[in-house]
$ cat target16.pdb   # PDB, C-alpha atoms, pLDDT in the B column
ATOM      1  CA  MET A   1     112.986  86.241  10.550  1.00 85.00           C
ATOM      2  CA  ASP A   2     111.233  88.882  12.623  1.00 87.00           C
ATOM      3  CA  PHE A   3     110.387  87.368  16.000  1.00 89.00           C
ATOM      4  CA  SER A   4     108.475  90.458  17.130  1.00 89.00           C
ATOM      5  CA  LYS A   5     105.500  89.857  14.819  1.00 88.00           C
ATOM      6  CA  ALA A   6     104.199  86.573  16.272  1.00 92.00           C
ATOM      7  CA  LEU A   7     104.812  84.044  19.013  1.00 94.00           C
ATOM      8  CA  PRO A   8     106.044  80.520  18.220  1.00 95.00           C
ATOM      9  CA  ILE A   9     102.521  79.196  18.779  1.00 94.00           C
ATOM     10  CA  ASN A  10     101.693  80.937  15.489  1.00 91.00           C
ATOM     11  CA  LYS A  11     101.998  77.976  13.110  1.00 92.00           C
ATOM     12  CA  PRO A  12     102.989  79.941   9.960  1.00 94.00           C
ATOM     13  CA  ALA A  13     105.798  81.685  11.854  1.00 95.00           C
ATOM     14  CA  LEU A  14     107.058  78.411  13.329  1.00 96.00           C
ATOM     15  CA  TRP A  15     106.879  76.711   9.913  1.00 97.00           C
ATOM     16  CA  GLN A  16     108.901  79.564   8.400  1.00 96.00           C
ATOM     17  CA  LEU A  17     111.535  79.047  11.079  1.00 97.00           C
ATOM     18  CA  GLN A  18     111.533  75.283  10.375  1.00 98.00           C
ATOM     19  CA  GLN A  19     112.184  75.920   6.682  1.00 98.00           C
ATOM     20  CA  GLU A  20     114.992  78.395   7.408  1.00 98.00           C
ATOM     21  CA  LEU A  21     116.624  75.977   9.839  1.00 98.00           C
ATOM     22  CA  MET A  22     116.377  73.099   7.368  1.00 98.00           C
ATOM     23  CA  SER A  23     118.120  75.188   4.700  1.00 98.00           C
ATOM     24  CA  GLU A  24     120.915  75.987   7.143  1.00 98.00           C
ATOM     25  CA  ALA A  25     121.202  72.345   8.252  1.00 98.00           C
ATOM     26  CA  GLU A  26     121.414  71.090   4.670  1.00 98.00           C
ATOM     27  CA  ALA A  27     124.144  73.623   3.901  1.00 98.00           C
ATOM     28  CA  LEU A  28     126.196  72.375   6.849  1.00 98.00           C
ATOM     29  CA  PHE A  29     125.449  68.629   6.849  1.00 98.00           C
ATOM     30  CA  GLY A  30     124.336  67.820   3.294  1.00 96.00           C
ATOM     31  CA  THR A  31     120.910  67.337   1.803  1.00 96.00           C
ATOM     32  CA  ARG A  32     118.155  65.667   3.733  1.00 96.00           C
ATOM     33  CA  ASP A  33     116.528  62.374   2.832  1.00 92.00           C
ATOM     34  CA  GLU A  34     114.087  63.634   0.185  1.00 94.00           C
ATOM     35  CA  SER A  35     112.064  60.418   0.335  1.00 94.00           C
ATOM     36  CA  LYS A  36     110.778  61.502   3.747  1.00 95.00           C
ATOM     37  CA  VAL A  37     108.224  64.224   4.410  1.00 96.00           C
ATOM     38  CA  ILE A  38     108.889  66.916   6.964  1.00 97.00           C
ATOM     39  CA  TYR A  39     105.621  67.849   8.588  1.00 97.00           C
ATOM     40  CA  GLN A  40     104.967  71.083  10.452  1.00 97.00           C
ATOM     41  CA  PRO A  41     106.241  71.261  14.045  1.00 98.00           C
ATOM     42  CA  ASP A  42     103.837  70.770  16.920  1.00 97.00           C
ATOM     43  CA  TRP A  43     103.831  70.726  20.736  1.00 97.00           C
ATOM     44  CA  HIS A  44     103.956  67.880  23.220  1.00 97.00           C
ATOM     45  CA  VAL A  45     104.155  67.586  26.978  1.00 97.00           C
ATOM     46  CA  ASP A  46     107.295  65.431  26.651  1.00 96.00           C
ATOM     47  CA  GLY A  47     108.907  67.573  23.911  1.00 96.00           C
ATOM     48  CA  PRO A  48     111.290  68.279  22.415  1.00 97.00           C
ATOM     49  CA  HIS A  49     111.668  65.188  20.271  1.00 96.00           C
ATOM     50  CA  ILE A  50     110.906  63.821  16.808  1.00 96.00           C
ATOM     51  CA  ARG A  51     107.538  62.226  16.124  1.00 96.00           C
ATOM     52  CA  TYR A  52     107.243  59.855  13.172  1.00 95.00           C
ATOM     53  CA  SER A  53     104.094  59.448  11.120  1.00 94.00           C
ATOM     54  CA  ALA A  54     102.271  56.134  11.586  1.00 93.00           C
ATOM     55  CA  ASN A  55     103.543  54.758   8.271  1.00 91.00           C
ATOM     56  CA  LYS A  56     107.043  56.292   8.768  1.00 90.00           C
ATOM     57  CA  ASP A  57     106.796  58.335   5.531  1.00 94.00           C
ATOM     58  CA  GLY A  58     107.940  61.394   7.447  1.00 96.00           C
ATOM     59  CA  ALA A  59     108.299  63.082  10.771  1.00 97.00           C
ATOM     60  CA  PHE A  60     108.053  66.384  12.602  1.00 98.00           C
ATOM     61  CA  ALA A  61     109.515  68.102  15.609  1.00 98.00           C
ATOM     62  CA  GLU A  62     107.438  68.217  18.756  1.00 98.00           C
ATOM     63  CA  LEU A  63     108.555  71.071  20.982  1.00 98.00           C
ATOM     64  CA  SER A  64     107.866  71.586  24.656  1.00 97.00           C
ATOM     65  CA  PHE A  65     104.823  73.588  25.682  1.00 97.00           C
ATOM     66  CA  ALA A  66     107.191  76.132  27.254  1.00 97.00           C
ATOM     67  CA  ALA A  67     108.453  76.986  23.751  1.00 97.00           C
ATOM     68  CA  GLN A  68     104.981  78.087  22.594  1.00 97.00           C
ATOM     69  CA  THR A  69     105.571  81.608  23.886  1.00 96.00           C
ATOM     70  CA  ASN A  70     109.373  81.749  23.972  1.00 97.00           C
ATOM     71  CA  TRP A  71     111.291  82.217  20.704  1.00 97.00           C
ATOM     72  CA  ARG A  72     114.654  81.601  22.373  1.00 97.00           C
ATOM     73  CA  LEU A  73     113.514  78.185  23.524  1.00 97.00           C
ATOM     74  CA  ALA A  74     111.705  77.470  20.248  1.00 98.00           C
ATOM     75  CA  VAL A  75     114.835  78.193  18.191  1.00 98.00           C
ATOM     76  CA  TYR A  76     116.987  76.081  20.514  1.00 98.00           C
ATOM     77  CA  GLN A  77     114.635  73.095  20.421  1.00 98.00           C
ATOM     78  CA  LEU A  78     113.609  73.288  16.768  1.00 98.00           C
ATOM     79  CA  ALA A  79     117.173  73.731  15.504  1.00 98.00           C
ATOM     80  CA  HIS A  80     118.258  70.650  17.450  1.00 98.00           C
ATOM     81  CA  GLU A  81     115.387  68.536  16.158  1.00 98.00           C
ATOM     82  CA  THR A  82     115.950  69.796  12.599  1.00 98.00           C
ATOM     83  CA  VAL A  83     119.295  67.989  12.501  1.00 98.00           C
ATOM     84  CA  HIS A  84     117.474  64.763  13.386  1.00 96.00           C
ATOM     85  CA  LEU A  85     114.955  65.401  10.606  1.00 97.00           C
ATOM     86  CA  LEU A  86     117.718  65.218   7.985  1.00 97.00           C
ATOM     87  CA  ASP A  87     117.832  61.400   8.055  1.00 93.00           C
ATOM     88  CA  GLN A  88     114.737  60.302   9.993  1.00 91.00           C
ATOM     89  CA  HIS A  89     115.938  57.017  11.462  1.00 86.00           C
ATOM     90  CA  GLY A  90     112.393  55.797  12.067  1.00 84.00           C
ATOM     91  CA  GLY A  91     112.759  55.834  15.810  1.00 83.00           C
ATOM     92  CA  GLN A  92     116.202  54.223  16.044  1.00 88.00           C
ATOM     93  CA  GLN A  93     118.493  55.774  18.622  1.00 92.00           C
ATOM     94  CA  THR A  94     120.966  58.252  17.120  1.00 94.00           C
ATOM     95  CA  ILE A  95     124.718  58.142  17.516  1.00 96.00           C
ATOM     96  CA  LEU A  96     126.181  60.488  20.116  1.00 96.00           C
ATOM     97  CA  LEU A  97     128.039  62.384  17.397  1.00 97.00           C
ATOM     98  CA  GLU A  98     124.711  63.288  15.734  1.00 97.00           C
ATOM     99  CA  GLU A  99     123.465  64.559  19.089  1.00 97.00           C
ATOM    100  CA  GLY A 100     126.595  66.693  19.371  1.00 98.00           C
ATOM    101  CA  ALA A 101     126.030  68.062  15.874  1.00 98.00           C
ATOM    102  CA  ALA A 102     122.433  68.891  16.814  1.00 98.00           C
ATOM    103  CA  VAL A 103     123.519  70.706  19.979  1.00 98.00           C
ATOM    104  CA  ARG A 104     126.206  72.709  18.171  1.00 98.00           C
ATOM    105  CA  PHE A 105     123.792  73.591  15.353  1.00 98.00           C
ATOM    106  CA  SER A 106     121.137  74.742  17.828  1.00 98.00           C
ATOM    107  CA  LEU A 107     123.620  76.976  19.650  1.00 98.00           C
ATOM    108  CA  ASP A 108     124.902  78.432  16.376  1.00 98.00           C
ATOM    109  CA  MET A 109     121.352  79.130  15.188  1.00 98.00           C
ATOM    110  CA  MET A 110     120.583  80.858  18.474  1.00 98.00           C
ATOM    111  CA  ASP A 111     123.612  83.077  17.891  1.00 98.00           C
ATOM    112  CA  LYS A 112     122.496  83.739  14.330  1.00 97.00           C
ATOM    113  CA  TYR A 113     119.060  84.873  15.493  1.00 97.00           C
ATOM    114  CA  GLY A 114     120.464  86.968  18.358  1.00 97.00           C
ATOM    115  CA  PHE A 115     119.555  84.795  21.332  1.00 97.00           C
ATOM    116  CA  SER A 116     121.773  84.126  24.324  1.00 97.00           C
ATOM    117  CA  THR A 117     123.247  80.642  24.626  1.00 98.00           C
ATOM    118  CA  ALA A 118     124.190  81.127  28.278  1.00 96.00           C
ATOM    119  CA  GLY A 119     123.719  77.986  30.339  1.00 95.00           C
ATOM    120  CA  LEU A 120     123.131  75.742  27.336  1.00 96.00           C
ATOM    121  CA  PRO A 121     123.129  72.849  27.056  1.00 97.00           C
ATOM    122  CA  SER A 122     121.991  72.247  30.609  1.00 95.00           C
ATOM    123  CA  ILE A 123     121.887  68.431  30.456  1.00 95.00           C
ATOM    124  CA  ARG A 124     125.199  66.654  31.026  1.00 95.00           C
ATOM    125  CA  SER A 125     124.801  64.097  28.229  1.00 95.00           C
ATOM    126  CA  TYR A 126     124.274  66.913  25.707  1.00 96.00           C
ATOM    127  CA  ARG A 127     127.359  68.748  26.989  1.00 96.00           C
ATOM    128  CA  GLU A 128     129.364  65.560  26.448  1.00 96.00           C
ATOM    129  CA  ALA A 129     127.921  65.164  22.932  1.00 97.00           C
ATOM    130  CA  LEU A 130     128.823  68.782  22.130  1.00 98.00           C
ATOM    131  CA  PHE A 131     132.375  68.244  23.413  1.00 97.00           C
ATOM    132  CA  LEU A 132     132.779  65.200  21.176  1.00 96.00           C
ATOM    133  CA  PHE A 133     131.443  67.040  18.113  1.00 97.00           C
ATOM    134  CA  ASN A 134     133.793  69.953  18.752  1.00 97.00           C
ATOM    135  CA  SER A 135     136.705  67.528  19.145  1.00 95.00           C
ATOM    136  CA  LEU A 136     136.394  66.565  15.460  1.00 96.00           C
ATOM    137  CA  GLY A 137     138.804  69.394  14.698  1.00 92.00           C
ATOM    138  CA  ALA A 138     138.924  72.969  13.484  1.00 93.00           C
ATOM    139  CA  GLU A 139     136.103  72.411  10.987  1.00 96.00           C
ATOM    140  CA  PRO A 140     133.663  70.024  12.685  1.00 97.00           C
ATOM    141  CA  TYR A 141     130.771  70.854  10.346  1.00 98.00           C
ATOM    142  CA  LYS A 142     132.849  70.082   7.255  1.00 97.00           C
ATOM    143  CA  ILE A 143     134.124  66.843   8.774  1.00 97.00           C
ATOM    144  CA  MET A 144     130.635  65.804   9.847  1.00 97.00           C
ATOM    145  CA  LYS A 145     129.210  66.588   6.412  1.00 97.00           C
ATOM    146  CA  ASN A 146     131.923  64.496   4.742  1.00 97.00           C
ATOM    147  CA  CYS A 147     131.241  61.624   7.137  1.00 96.00           C
ATOM    148  CA  ARG A 148     127.463  61.813   6.680  1.00 96.00           C
ATOM    149  CA  VAL A 149     127.557  62.139   2.890  1.00 94.00           C
ATOM    150  CA  GLY A 150     130.062  59.292   2.610  1.00 91.00           C
ATOM    151  CA  SER A 151     127.929  57.081   4.854  1.00 94.00           C
ATOM    152  CA  LEU A 152     124.546  58.190   3.437  1.00 92.00           C
ATOM    153  CA  GLU A 153     123.240  59.098   6.905  1.00 94.00           C
ATOM    154  CA  PHE A 154     124.431  59.921  10.416  1.00 96.00           C
ATOM    155  CA  ASN A 155     123.712  56.413  11.718  1.00 94.00           C
ATOM    156  CA  GLY A 156     125.744  54.967   8.836  1.00 95.00           C
ATOM    157  CA  ILE A 157     128.961  56.567  10.044  1.00 96.00           C
ATOM    158  CA  ASP A 158     131.430  53.985  11.291  1.00 96.00           C
ATOM    159  CA  SER A 159     134.921  54.018  12.782  1.00 95.00           C
ATOM    160  CA  ALA A 160     136.652  53.665   9.397  1.00 94.00           C
ATOM    161  CA  VAL A 161     134.856  56.759   8.070  1.00 94.00           C
ATOM    162  CA  LEU A 162     135.688  58.773  11.182  1.00 94.00           C
ATOM    163  CA  LYS A 163     139.343  57.720  11.058  1.00 94.00           C
ATOM    164  CA  SER A 164     139.594  58.694   7.391  1.00 93.00           C
ATOM    165  CA  GLU A 165     138.149  62.176   8.043  1.00 94.00           C
ATOM    166  CA  THR A 166     139.900  63.033  11.302  1.00 93.00           C
ATOM    167  CA  LYS A 167     143.326  62.966  12.829  1.00 85.00           C
ATOM    168  CA  GLY A 168     144.157  62.464  16.455  1.00 87.00           C
ATOM    169  CA  LEU A 169     140.967  60.853  17.694  1.00 92.00           C
ATOM    170  CA  THR A 170     141.552  57.949  20.015  1.00 93.00           C
ATOM    171  CA  SER A 171     139.741  54.644  19.631  1.00 93.00           C
ATOM    172  CA  ALA A 172     137.926  55.472  22.869  1.00 95.00           C
ATOM    173  CA  ASP A 173     136.746  58.825  21.448  1.00 94.00           C
ATOM    174  CA  ILE A 174     135.495  57.152  18.275  1.00 96.00           C
ATOM    175  CA  PHE A 175     133.742  54.441  20.284  1.00 96.00           C
ATOM    176  CA  LYS A 176     131.950  57.142  22.339  1.00 96.00           C
ATOM    177  CA  MET A 177     131.031  59.142  19.242  1.00 96.00           C
ATOM    178  CA  LEU A 178     129.412  56.093  17.662  1.00 97.00           C
ATOM    179  CA  SER A 179     127.622  54.944  20.809  1.00 95.00           C
ATOM    180  CA  LYS A 180     123.845  55.303  21.034  1.00 94.00           C
ATOM    181  CA  PRO A 181     123.067  56.335  24.607  1.00 90.00           C
ATOM    182  CA  LYS A 182     119.693  57.453  25.890  1.00 86.00           C
ATOM    183  CA  MET A 183     120.120  61.219  26.137  1.00 84.00           C
ATOM    184  CA  ARG A 184     117.562  62.213  28.766  1.00 74.00           C
TER     185      ARG A 184
END
$ encode --input "target16.pdb" --output "structure tokens"
Amino acid sequence: MDFSKALPINKPALWQLQQELMSEAEALFGTRDESKVIYQPDWHVDGPHIRYSANKDGAFAELSFAAQTNWRLAVYQLAHETVHLLDQHGGQQTILLEEGAAVRFSLDMMDKYGFSTAGLPSIRSYREALFLFNSLGAEPYKIMKNCRVGSLEFNGIDSAVLKSETKGLTSADIFKMLSKPKMR
């Protein structure tokens, strides 16, 4: 993607990025829930977050207004929210492990597109989530994909699935990974 041709506020450019990120996310975490629509990203004063349609047939990422003119921020936010679009929990809180996967994916996509990841994530709860995701082992994406596919969705992952896919995690680590804290 050539970021020099348009700003993120350009809807076709942002939609192209969304589609590229979804392809990458599906390769790493497994296919998305095809019964749900992914609508084009938008902007919101309280973004970034996922916004569900009124009838919950789909959702879209709402990015912060600051990302409208900043590709680095747009990639960081949209990549993170793309992971949440895979399953679309309908507004249910996500497990901390999914948040960690979203943070790691966003950082890796920033690297892929040539943006600095310095200082990210800046929020403590997201740093903790990233640490837990990385503690899955040498191949956290593969482990997470196996867990998600075997459980049908991120929120379906339970302690038995995590124990079967990982070695060396303590019960306390697994409990934290499966917790559903408010992130910000």
$ closest_atom_pairs --input "target16.pdb" --of "segment 52-133 of chain A" --to "segment 29-47 of chain A" --cutoff "7 Å" --atoms "all atoms listed in the file" --output "JSON lines"
{"residue": "A:Asp57", "atom": "CA", "partner": "A:Lys36", "partner_atom": "CA", "distance": 5.4}
{"residue": "A:Gly58", "atom": "CA", "partner": "A:Val37", "partner_atom": "CA", "distance": 4.2}
{"residue": "A:Ala59", "atom": "CA", "partner": "A:Ile38", "partner_atom": "CA", "distance": 5.4}
{"residue": "A:Phe60", "atom": "CA", "partner": "A:Tyr39", "partner_atom": "CA", "distance": 4.9}
{"residue": "A:Ala61", "atom": "CA", "partner": "A:Pro41", "partner_atom": "CA", "distance": 4.8}
{"residue": "A:Glu62", "atom": "CA", "partner": "A:Asp42", "partner_atom": "CA", "distance": 4.8}
{"residue": "A:Leu63", "atom": "CA", "partner": "A:Gly47", "partner_atom": "CA", "distance": 4.6}
{"residue": "A:Ser64", "atom": "CA", "partner": "A:Gly47", "partner_atom": "CA", "distance": 4.2}
{"residue": "A:Phe65", "atom": "CA", "partner": "A:Trp43", "partner_atom": "CA", "distance": 5.8}
{"residue": "A:Leu86", "atom": "CA", "partner": "A:Arg32", "partner_atom": "CA", "distance": 4.3}
{"residue": "A:Asp87", "atom": "CA", "partner": "A:Asp33", "partner_atom": "CA", "distance": 5.5}
$ closest_residue --input "target16.pdb" --among "A:Leu97, A:Asn146, A:Ala138, A:Thr117" --to "Phe175 of chain A" --atoms "only C-alpha atoms"
A:Leu97
$ resolve_selection --input "target16.pdb" --expression "the PyMOL selection byres ((chain A and resi 98) around 9)" --output "mmCIF file with C-alpha atoms, keeping the file's coordinate frame"
data_model
loop_
_atom_site.group_PDB
_atom_site.id
_atom_site.type_symbol
_atom_site.label_atom_id
_atom_site.label_comp_id
_atom_site.auth_asym_id
_atom_site.auth_seq_id
_atom_site.Cartn_x
_atom_site.Cartn_y
_atom_site.Cartn_z
ATOM 1 C CA VAL A 83 119.295 67.989 12.501
ATOM 2 C CA HIS A 84 117.474 64.763 13.386
ATOM 3 C CA THR A 94 120.966 58.252 17.120
ATOM 4 C CA ILE A 95 124.718 58.142 17.516
ATOM 5 C CA LEU A 96 126.181 60.488 20.116
ATOM 6 C CA LEU A 97 128.039 62.384 17.397
ATOM 7 C CA GLU A 99 123.465 64.559 19.089
ATOM 8 C CA GLY A 100 126.595 66.693 19.371
ATOM 9 C CA ALA A 101 126.030 68.062 15.874
ATOM 10 C CA ALA A 102 122.433 68.891 16.814
ATOM 11 C CA VAL A 103 123.519 70.706 19.979
ATOM 12 C CA ALA A 129 127.921 65.164 22.932
ATOM 13 C CA PHE A 133 131.443 67.040 18.113
ATOM 14 C CA MET A 144 130.635 65.804 9.847
ATOM 15 C CA PHE A 154 124.431 59.921 10.416
ATOM 16 C CA ASN A 155 123.712 56.413 11.718
ATOM 17 C CA MET A 177 131.031 59.142 19.242
ATOM 18 C CA LEU A 178 129.412 56.093 17.662
#
$ atom_distance --input "target16.pdb" --atom1 "atom CA of Ser106 of chain A" --atom2 "atom CA of Gln68 of chain A"
17.2 Å
$ residues_near_point --input "target16.pdb" --point "(136.7, 53.7, 8.5)" --cutoff "12 Å" --atoms "all atoms listed in the file" --output "PyMOL selection string"
chain A and resi 147+150-151+156-166+171+174+178
$ closest_residue --input "target16.pdb" --among "A:Lys176, A:Ser125, A:Tyr52, A:Asp2" --to "Gln88 of chain A" --atoms "all atoms listed in the file"
A:Tyr52
$ closest_residue --input "target16.pdb" --among "A:Pro140, A:Gln93, A:Glu153, A:Tyr113" --to "Lys180 of chain A" --atoms "only C-alpha atoms"
A:Gln93
$ resolve_selection --input "target16.pdb" --expression "the PyMOL selection byres ((chain A and resi 13) around 12)" --output "PyMOL selection string"
chain A and resi 1-12+14-20+40-41+68+71+74-75
$ axis_aligned_box --input "target16.pdb" --around "segment 26-41 of chain A" --padding-each-side "3 Å" --output "JSON"
{"center_x": 115.6, "center_y": 67.0, "center_z": 7.1, "size_x": 27.2, "size_y": 19.2, "size_z": 19.9}
$ atom_distance --input "target16.pdb" --atom1 "atom CA of Thr82 of chain A" --atom2 "atom CA of Arg148 of chain A"
15.2 Å
$ closest_residue --input "target16.pdb" --among "A:His80, A:Lys167, A:Arg127, A:His89" --to "Pro48 of chain A" --atoms "all atoms listed in the file"
A:His80
$ atom_distance --input "target16.pdb" --atom1 "atom CA of Gln92 of chain A" --atom2 "atom CA of Ile50 of chain A"
11.0 Å
$ closest_residue --input "target16.pdb" --among "A:Gly90, A:Glu81, A:Leu136, A:Leu169" --to "Lys56 of chain A" --atoms "all atoms listed in the file"
A:Gly90
$ closest_residue --input "target16.pdb" --among "A:Ala172, A:Glu139, A:Lys182, A:Ala67" --to "Arg124 of chain A" --atoms "only C-alpha atoms"
A:Lys182
